[in-house]
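See structure below.
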Amino acid sequence: MSGLPKLDFPTLLALAQESAQITTECTCCTVSLESWNSVPLSLIEGNLQEIGTLLEDPFIDPTFAEFHSSGTRYDSPDAPIAPRYYPYNRCNIAKCQVCSRYFLRYTEAGGYFVDRRIRLLISERLIDAA
Ligand SMILES: [Zn+2]
């Protein structure tokens, strides 16, 4: 497995708040990533560096249960980011080396496909749900 450090909720929140201060335009935000998306072609992945993970324990399969509050769905732009729930519980956190924004990333694996997905880490969406 990866040797990425596990990020706790306060750390995640601090990164999201730092990210929120950034207003520079960048290739990582030509497509809105406020909700989950397949990694867009416009995004230069070489600019993203993984800095941590939300995976609690690499030996236990994380739950597929999702956490939603007010009628949001998986791909809603206002869907909560709850680190203990799907798909956040299997995400890595990546930092854009150009603009310093932070992103959540994971790989959605189906029977015949692998889809790499990305969402901007937004502080207002973070919920420390147990
Ligand atoms: Zn960027």
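Residue numbers start at 1 in each chain; chains themselves are named A, B, ... in the order of the structure tokens; ligands are numbered from 1 in the order shown.
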
Test item: residues lying within 7 Å of ligand 1 with only C-alpha atoms and all ligand atoms, as a VMD selection string: chain A and resid 26 to 29 96 to 101

Those in chain A with strand (DSSP E or B) from DSSP, as a ChimeraX atom specification: /A:6,37-38,48-53,66,81,86,92-96,102-109,114-120,126

Emit the selected residues as a PDB file, in the first residue's frame, including C-alpha atoms.
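Wrote it out as part-v2.pdb, contents follow:
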```
ATOM      1  CA  LYS A   6      -3.557   9.361   7.396  1.00  0.00           C
ATOM      2  CA  ASN A  37     -16.017  14.084 -11.834  1.00  0.00           C
ATOM      3  CA  SER A  38     -13.908  11.765 -13.895  1.00  0.00           C
ATOM      4  CA  LEU A  48      -0.898  16.868  -8.567  1.00  0.00           C
ATOM      5  CA  GLN A  49       1.064  15.427  -5.706  1.00  0.00           C
ATOM      6  CA  GLU A  50      -0.525  13.054  -3.216  1.00  0.00           C
ATOM      7  CA  ILE A  51       0.101  14.238   0.311  1.00  0.00           C
ATOM      8  CA  GLY A  52      -2.111  12.035   2.455  1.00  0.00           C
ATOM      9  CA  THR A  53      -4.952   9.554   2.654  1.00  0.00           C
ATOM     10  CA  GLU A  66     -22.756   7.230   1.922  1.00  0.00           C
ATOM     11  CA  ILE A  81     -17.557  15.477   2.476  1.00  0.00           C
ATOM     12  CA  TYR A  86     -18.033   6.398   0.813  1.00  0.00           C
ATOM     13  CA  ASN A  92      -6.157  10.278  -1.210  1.00  0.00           C
ATOM     14  CA  ILE A  93      -5.593  13.988  -0.883  1.00  0.00           C
ATOM     15  CA  ALA A  94      -3.622  15.572  -3.692  1.00  0.00           C
ATOM     16  CA  LYS A  95      -2.188  19.056  -3.881  1.00  0.00           C
ATOM     17  CA  CYS A  96      -1.819  20.994  -7.101  1.00  0.00           C
ATOM     18  CA  TYR A 102      -6.294  20.451  -2.605  1.00  0.00           C
ATOM     19  CA  PHE A 103      -8.296  17.642  -4.176  1.00  0.00           C
ATOM     20  CA  LEU A 104      -9.855  14.343  -3.167  1.00  0.00           C
ATOM     21  CA  ARG A 105      -9.091  11.443  -5.485  1.00  0.00           C
ATOM     22  CA  TYR A 106     -10.028   7.778  -5.678  1.00  0.00           C
ATOM     23  CA  THR A 107     -10.450   5.074  -8.268  1.00  0.00           C
ATOM     24  CA  GLU A 108     -13.902   3.729  -9.005  1.00  0.00           C
ATOM     25  CA  ALA A 109     -13.490   0.162 -10.216  1.00  0.00           C
ATOM     26  CA  VAL A 114     -11.622   1.808 -13.964  1.00  0.00           C
ATOM     27  CA  ASP A 115     -12.649   5.402 -13.512  1.00  0.00           C
ATOM     28  CA  ARG A 116     -10.394   7.815 -11.732  1.00  0.00           C
ATOM     29  CA  ARG A 117     -12.473  10.433  -9.958  1.00  0.00           C
ATOM     30  CA  ILE A 118     -11.643  13.793  -8.472  1.00  0.00           C
ATOM     31  CA  ARG A 119     -13.373  16.434  -6.332  1.00  0.00           C
ATOM     32  CA  LEU A 120     -12.178  19.744  -4.962  1.00  0.00           C
ATOM     33  CA  LEU A 126     -16.692  18.960   5.352  1.00  0.00           C
TER      34      LEU A 126
END
```

Every residue of region 3-111 of chain A that DSSP places in alpha helix (DSSP H), as a ChimeraX atom specification: /A:9-20

Can you write out the residues you just picked, keeping C-alpha atoms, as a PDB file, in the first residue's frame?
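Final file, part36.pdb:
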```
ATOM      1  CA  PHE A   9     -10.395  15.806  10.399  1.00  0.00           C
ATOM      2  CA  PRO A  10      -8.746  18.994  11.774  1.00  0.00           C
ATOM      3  CA  THR A  11      -5.870  18.600   9.306  1.00  0.00           C
ATOM      4  CA  LEU A  12      -8.280  18.085   6.441  1.00  0.00           C
ATOM      5  CA  LEU A  13     -10.268  21.144   7.448  1.00  0.00           C
ATOM      6  CA  ALA A  14      -7.108  23.244   7.646  1.00  0.00           C
ATOM      7  CA  LEU A  15      -6.094  22.145   4.132  1.00  0.00           C
ATOM      8  CA  ALA A  16      -9.565  22.930   2.795  1.00  0.00           C
ATOM      9  CA  GLN A  17      -9.516  26.394   4.360  1.00  0.00           C
ATOM     10  CA  GLU A  18      -6.074  27.041   2.936  1.00  0.00           C
ATOM     11  CA  SER A  19      -7.354  25.927  -0.472  1.00  0.00           C
ATOM     12  CA  ALA A  20     -10.356  28.273  -0.205  1.00  0.00           C
TER      13      ALA A  20
END
```

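Taking only C-alpha atoms into account, Asp78 (chain A) lies nearest to A:Glu34 out of the set A:Glu25, A:Glu34, A:Asp128, A:Asp8.
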
Top pick for closest residue to Glu124 (chain A), considering A:Leu41, A:Thr23, A:Ser69, A:Ala79 and counting only C-alpha atoms: A:Ala79

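Contact shell of Asn89 (chain A) at 7 Å (only C-alpha atoms; same-chain neighbours under 3 positions omitted): Leu54, Leu55, Pro62, Pro83, Arg84, Tyr85 and Tyr86 of chain A.
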
Coordinates-based distance that separates CA of Gly71 (chain A) from CA of Phe113 (chain A) (Å, one decimal):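 Spanning CA of Phe113 (chain A) to CA of Gly71 (chain A) is a straight-line distance of 28.6 Å.
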